[in-house]
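A.B. asks: Dropping in work_39.csv, which is CSV, C-alpha atoms:
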chain,number,residue,atom,x,y,z
A,1,MET,CA,-2.1,-18.9,1.0
A,2,ASN,CA,0.2,-20.4,3.7
A,3,LEU,CA,-0.6,-21.2,7.3
A,4,GLN,CA,0.6,-17.9,8.6
A,5,ASP,CA,-1.7,-16.0,6.1
A,6,ALA,CA,-4.6,-18.3,7.1
A,7,PHE,CA,-4.1,-17.6,10.8
A,8,ASP,CA,-3.8,-13.9,10.0
A,9,MET,CA,-7.1,-14.0,8.1
A,10,LEU,CA,-8.8,-15.9,10.9
A,11,ALA,CA,-7.5,-13.5,13.5
A,12,ARG,CA,-8.9,-10.5,11.6
A,13,GLY,CA,-12.3,-12.3,11.1
A,14,GLU,CA,-12.0,-12.1,7.4
A,15,THR,CA,-13.5,-14.5,4.8
A,16,PRO,CA,-11.1,-15.8,2.1
A,17,LYS,CA,-12.7,-13.3,-0.4
A,18,GLN,CA,-12.1,-10.4,2.0
A,19,TYR,CA,-8.6,-11.5,2.6
A,20,ASN,CA,-7.8,-11.7,-1.2
A,21,ASP,CA,-9.4,-8.3,-1.7
A,22,ARG,CA,-7.3,-6.7,1.1
A,23,ILE,CA,-4.1,-8.3,-0.2
A,24,SER,CA,-4.8,-7.2,-3.7
A,25,LYS,CA,-5.3,-3.6,-2.6
A,26,LEU,CA,-2.1,-3.8,-0.5
A,27,ARG,CA,-0.1,-5.0,-3.6
A,28,LYS,CA,-1.5,-2.2,-5.7
A,29,LEU,CA,-0.7,0.4,-3.1
A,30,THR,CA,2.9,-0.9,-2.7
A,31,ILE,CA,3.4,-0.7,-6.4
A,32,GLU,CA,2.1,2.9,-6.3
A,33,ARG,CA,4.3,3.7,-3.4
A,34,ASP,CA,7.4,2.5,-5.3
A,35,PHE,CA,6.4,4.5,-8.3
A,36,LEU,CA,5.9,7.7,-6.2
A,37,LEU,CA,9.3,7.2,-4.5
A,38,ASP,CA,11.0,6.9,-7.9
A,39,LYS,CA,9.1,9.9,-9.1
A,40,LEU,CA,10.3,12.0,-6.1
A,41,THR,CA,13.9,10.9,-6.8
A,42,VAL,CA,13.6,12.1,-10.4
A,43,LEU,CA,11.8,15.3,-9.6
A,44,GLY,CA,14.1,16.5,-6.9
A,45,ASP,CA,13.2,20.0,-5.8
A,46,ASP,CA,10.7,20.7,-8.6
A,47,CYS,CA,7.4,22.3,-7.6
A,48,ARG,CA,5.5,19.1,-8.5
A,49,SER,CA,7.3,17.2,-5.8
A,50,THR,CA,5.1,18.6,-3.1
A,51,LYS,CA,2.0,17.1,-4.7
A,52,THR,CA,3.8,13.8,-5.2
A,53,GLN,CA,4.9,13.9,-1.5
A,54,ASN,CA,1.3,14.5,-0.4
A,55,LYS,CA,0.1,11.6,-2.5
A,56,LEU,CA,2.9,9.4,-1.1
A,57,ASN,CA,1.8,10.3,2.4
A,58,ASN,CA,-1.8,9.3,1.7
A,59,VAL,CA,-0.6,6.0,0.1
A,60,LEU,CA,1.6,5.2,3.1
A,61,THR,CA,-1.4,5.8,5.4
A,62,LYS,CA,-3.6,3.5,3.5
A,63,ILE,CA,-0.9,0.8,3.5
A,64,GLU,CA,-0.6,1.0,7.3
A,65,LYS,CA,-4.4,0.6,7.7
A,66,LEU,CA,-4.4,-2.5,5.5
A,67,LYS,CA,-1.5,-4.2,7.3
Re-express the file's structure as C-alpha cells.
C.D. replies:
Amino acid sequence: MNLQDAFDMLARGETPKQYNDRISKLRKLTIERDFLLDKLTVLGDDCRSTKTQNKLNNVLTKIEKLK
C-alpha cells in the first residue's frame, strides 16, 4: 500500500482489512470484465451475446460502486 492508497482508505473511513477486501473484489471484477469483453468479441451476434452483455453491465456497475 502506498501513501495515496492509505489516504484513500482513510478518506473512506475503512480499516486496512476492509480496504484489502474492497481491492480484492475490485481486482476479481476487473478480471471478469476483461473475460466478458473477450467473450463478446468472440460471440459477435450470437444469441448468447445478450446474456453476456447483461452480465457485463452488472459487473461494470459493481466496479463503479467499489471505486
A.B. asks: So which residues touch Lys62 of chain A within 9 Å, counting only C-alpha atoms, skipping near sequence neighbours fewer than 5 positions away, as a ChimeraX atom specification?
C.D. replies: /A:26,29,57,67
A.B. asks: Let me make sure I understand: among A:Leu60, A:Thr52, A:Glu14, A:Lys65, which one has the smallest atom-to-atom distance to Ile31 of chain A if we use all atoms listed in the file?
C.D. replies: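 Counting all atoms listed in the file, the residue closest to Ile31 of chain A is A:Leu60.
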A.B. asks: When you count only C-alpha atoms, which of these residues is closest to Ile23 of chain A: A:Leu66, A:Leu3, A:Leu43, A:Leu56?
C.D. replies: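 Selected residue with least distance to Ile23 of chain A: A:Leu66.
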A.B. asks: Here's a test: counting all atoms listed in the file, identify every protein, DNA and RNA residue with an atom at most 12 Å from (3.6, 4.2, -1.8) in the file's coordinate frame, and state them as a list of chain:residue names.
C.D. replies: A:Lys25, A:Leu26, A:Arg27, A:Lys28, A:Leu29, A:Thr30, A:Ile31, A:Glu32, A:Arg33, A:Asp34, A:Phe35, A:Leu36, A:Leu37, A:Asp38, A:Lys39, A:Leu40, A:Thr52, A:Gln53, A:Asn54, A:Lys55, A:Leu56, A:Asn57, A:Asn58, A:Val59, A:Leu60, A:Thr61, A:Lys62, A:Ile63, A:Glu64
A.B. asks: Using Å and a single decimal, report how far atom CA of Gln4 of chain A sits from atom CA of Asp21 of chain A.
C.D. replies: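 According to the coordinates, atom CA of Asp21 of chain A and atom CA of Gln4 of chain A are separated by 17.3 Å.
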A.B. asks: Write only C-alpha atoms for chain A from the block just shown, as a PDB file, in the first residue's frame.
C.D. replies:
ATOM      1  CA  MET A   1       0.000   0.000   0.000  1.00  0.00           C
ATOM      2  CA  ASN A   2       1.390   3.386  -0.945  1.00  0.00           C
ATOM      3  CA  LEU A   3       0.551   6.779   0.569  1.00  0.00           C
ATOM      4  CA  GLN A   4      -2.150   7.543  -1.974  1.00  0.00           C
ATOM      5  CA  ASP A   5      -3.890   4.252  -1.166  1.00  0.00           C
ATOM      6  CA  ALA A   6      -3.581   4.939   2.558  1.00  0.00           C
ATOM      7  CA  PHE A   7      -5.109   8.398   2.183  1.00  0.00           C
ATOM      8  CA  ASP A   8      -7.916   6.927   0.058  1.00  0.00           C
ATOM      9  CA  MET A   9      -8.548   4.310   2.733  1.00  0.00           C
ATOM     10  CA  LEU A  10      -8.676   6.953   5.455  1.00  0.00           C
ATOM     11  CA  ALA A  11     -10.938   9.235   3.403  1.00  0.00           C
ATOM     12  CA  ARG A  12     -13.411   6.365   3.011  1.00  0.00           C
ATOM     13  CA  GLY A  13     -13.220   5.532   6.711  1.00  0.00           C
ATOM     14  CA  GLU A  14     -12.076   1.985   6.040  1.00  0.00           C
ATOM     15  CA  THR A  15      -9.920  -0.266   8.132  1.00  0.00           C
ATOM     16  CA  PRO A  16      -6.951  -1.943   6.429  1.00  0.00           C
ATOM     17  CA  LYS A  17      -8.914  -5.218   6.285  1.00  0.00           C
ATOM     18  CA  GLN A  18     -11.909  -3.513   4.644  1.00  0.00           C
ATOM     19  CA  TYR A  19      -9.573  -1.810   2.190  1.00  0.00           C
ATOM     20  CA  ASN A  20      -7.918  -5.095   1.235  1.00  0.00           C
ATOM     21  CA  ASP A  21     -11.315  -6.783   0.823  1.00  0.00           C
ATOM     22  CA  ARG A  22     -12.568  -3.967  -1.422  1.00  0.00           C
ATOM     23  CA  ILE A  23      -9.430  -4.008  -3.561  1.00  0.00           C
ATOM     24  CA  SER A  24      -9.593  -7.802  -3.834  1.00  0.00           C
ATOM     25  CA  LYS A  25     -13.211  -7.651  -5.043  1.00  0.00           C
ATOM     26  CA  LEU A  26     -12.286  -4.900  -7.470  1.00  0.00           C
ATOM     27  CA  ARG A  27      -9.450  -6.982  -8.946  1.00  0.00           C
ATOM     28  CA  LYS A  28     -11.724 -10.011  -9.370  1.00  0.00           C
ATOM     29  CA  LEU A  29     -14.384  -7.891 -11.060  1.00  0.00           C
ATOM     30  CA  THR A  30     -11.892  -6.325 -13.466  1.00  0.00           C
ATOM     31  CA  ILE A  31     -10.646  -9.776 -14.467  1.00  0.00           C
ATOM     32  CA  GLU A  32     -14.260 -10.852 -15.030  1.00  0.00           C
ATOM     33  CA  ARG A  33     -14.895  -7.668 -17.050  1.00  0.00           C
ATOM     34  CA  ASP A  34     -11.945  -8.415 -19.317  1.00  0.00           C
ATOM     35  CA  PHE A  35     -13.130 -12.005 -19.760  1.00  0.00           C
ATOM     36  CA  LEU A  36     -16.645 -10.860 -20.683  1.00  0.00           C
ATOM     37  CA  LEU A  37     -15.330  -8.307 -23.172  1.00  0.00           C
ATOM     38  CA  ASP A  38     -13.250 -11.020 -24.833  1.00  0.00           C
ATOM     39  CA  LYS A  39     -16.258 -13.332 -24.858  1.00  0.00           C
ATOM     40  CA  LEU A  40     -18.399 -10.686 -26.556  1.00  0.00           C
ATOM     41  CA  THR A  41     -15.725 -10.213 -29.191  1.00  0.00           C
ATOM     42  CA  VAL A  42     -15.720 -13.935 -29.955  1.00  0.00           C
ATOM     43  CA  LEU A  43     -19.511 -14.382 -29.862  1.00  0.00           C
ATOM     44  CA  GLY A  44     -20.316 -11.488 -32.149  1.00  0.00           C
ATOM     45  CA  ASP A  45     -24.045 -11.508 -32.975  1.00  0.00           C
ATOM     46  CA  ASP A  46     -24.799 -14.870 -31.379  1.00  0.00           C
ATOM     47  CA  CYS A  47     -27.952 -15.146 -29.241  1.00  0.00           C
ATOM     48  CA  ARG A  48     -25.776 -15.754 -26.155  1.00  0.00           C
ATOM     49  CA  SER A  49     -24.226 -12.328 -26.512  1.00  0.00           C
ATOM     50  CA  THR A  50     -27.258 -10.606 -24.926  1.00  0.00           C
ATOM     51  CA  LYS A  51     -26.816 -12.600 -21.691  1.00  0.00           C
ATOM     52  CA  THR A  52     -23.133 -11.795 -21.705  1.00  0.00           C
ATOM     53  CA  GLN A  53     -23.830  -8.111 -22.319  1.00  0.00           C
ATOM     54  CA  ASN A  54     -26.277  -8.019 -19.397  1.00  0.00           C
ATOM     55  CA  LYS A  55     -23.714  -9.678 -17.137  1.00  0.00           C
ATOM     56  CA  LEU A  56     -21.068  -7.219 -18.317  1.00  0.00           C
ATOM     57  CA  ASN A  57     -23.361  -4.302 -17.453  1.00  0.00           C
ATOM     58  CA  ASN A  58     -23.840  -5.705 -13.945  1.00  0.00           C
ATOM     59  CA  VAL A  59     -20.096  -6.145 -13.476  1.00  0.00           C
ATOM     60  CA  LEU A  60     -19.426  -2.583 -14.670  1.00  0.00           C
ATOM     61  CA  THR A  61     -21.989  -1.259 -12.193  1.00  0.00           C
ATOM     62  CA  LYS A  62     -20.336  -3.150  -9.335  1.00  0.00           C
ATOM     63  CA  ILE A  63     -16.913  -1.842 -10.361  1.00  0.00           C
ATOM     64  CA  GLU A  64     -18.162   1.756 -10.301  1.00  0.00           C
ATOM     65  CA  LYS A  65     -19.618   1.252  -6.811  1.00  0.00           C
ATOM     66  CA  LEU A  66     -16.309  -0.054  -5.490  1.00  0.00           C
ATOM     67  CA  LYS A  67     -14.160   2.736  -6.977  1.00  0.00           C
TER      68      LYS A  67
END
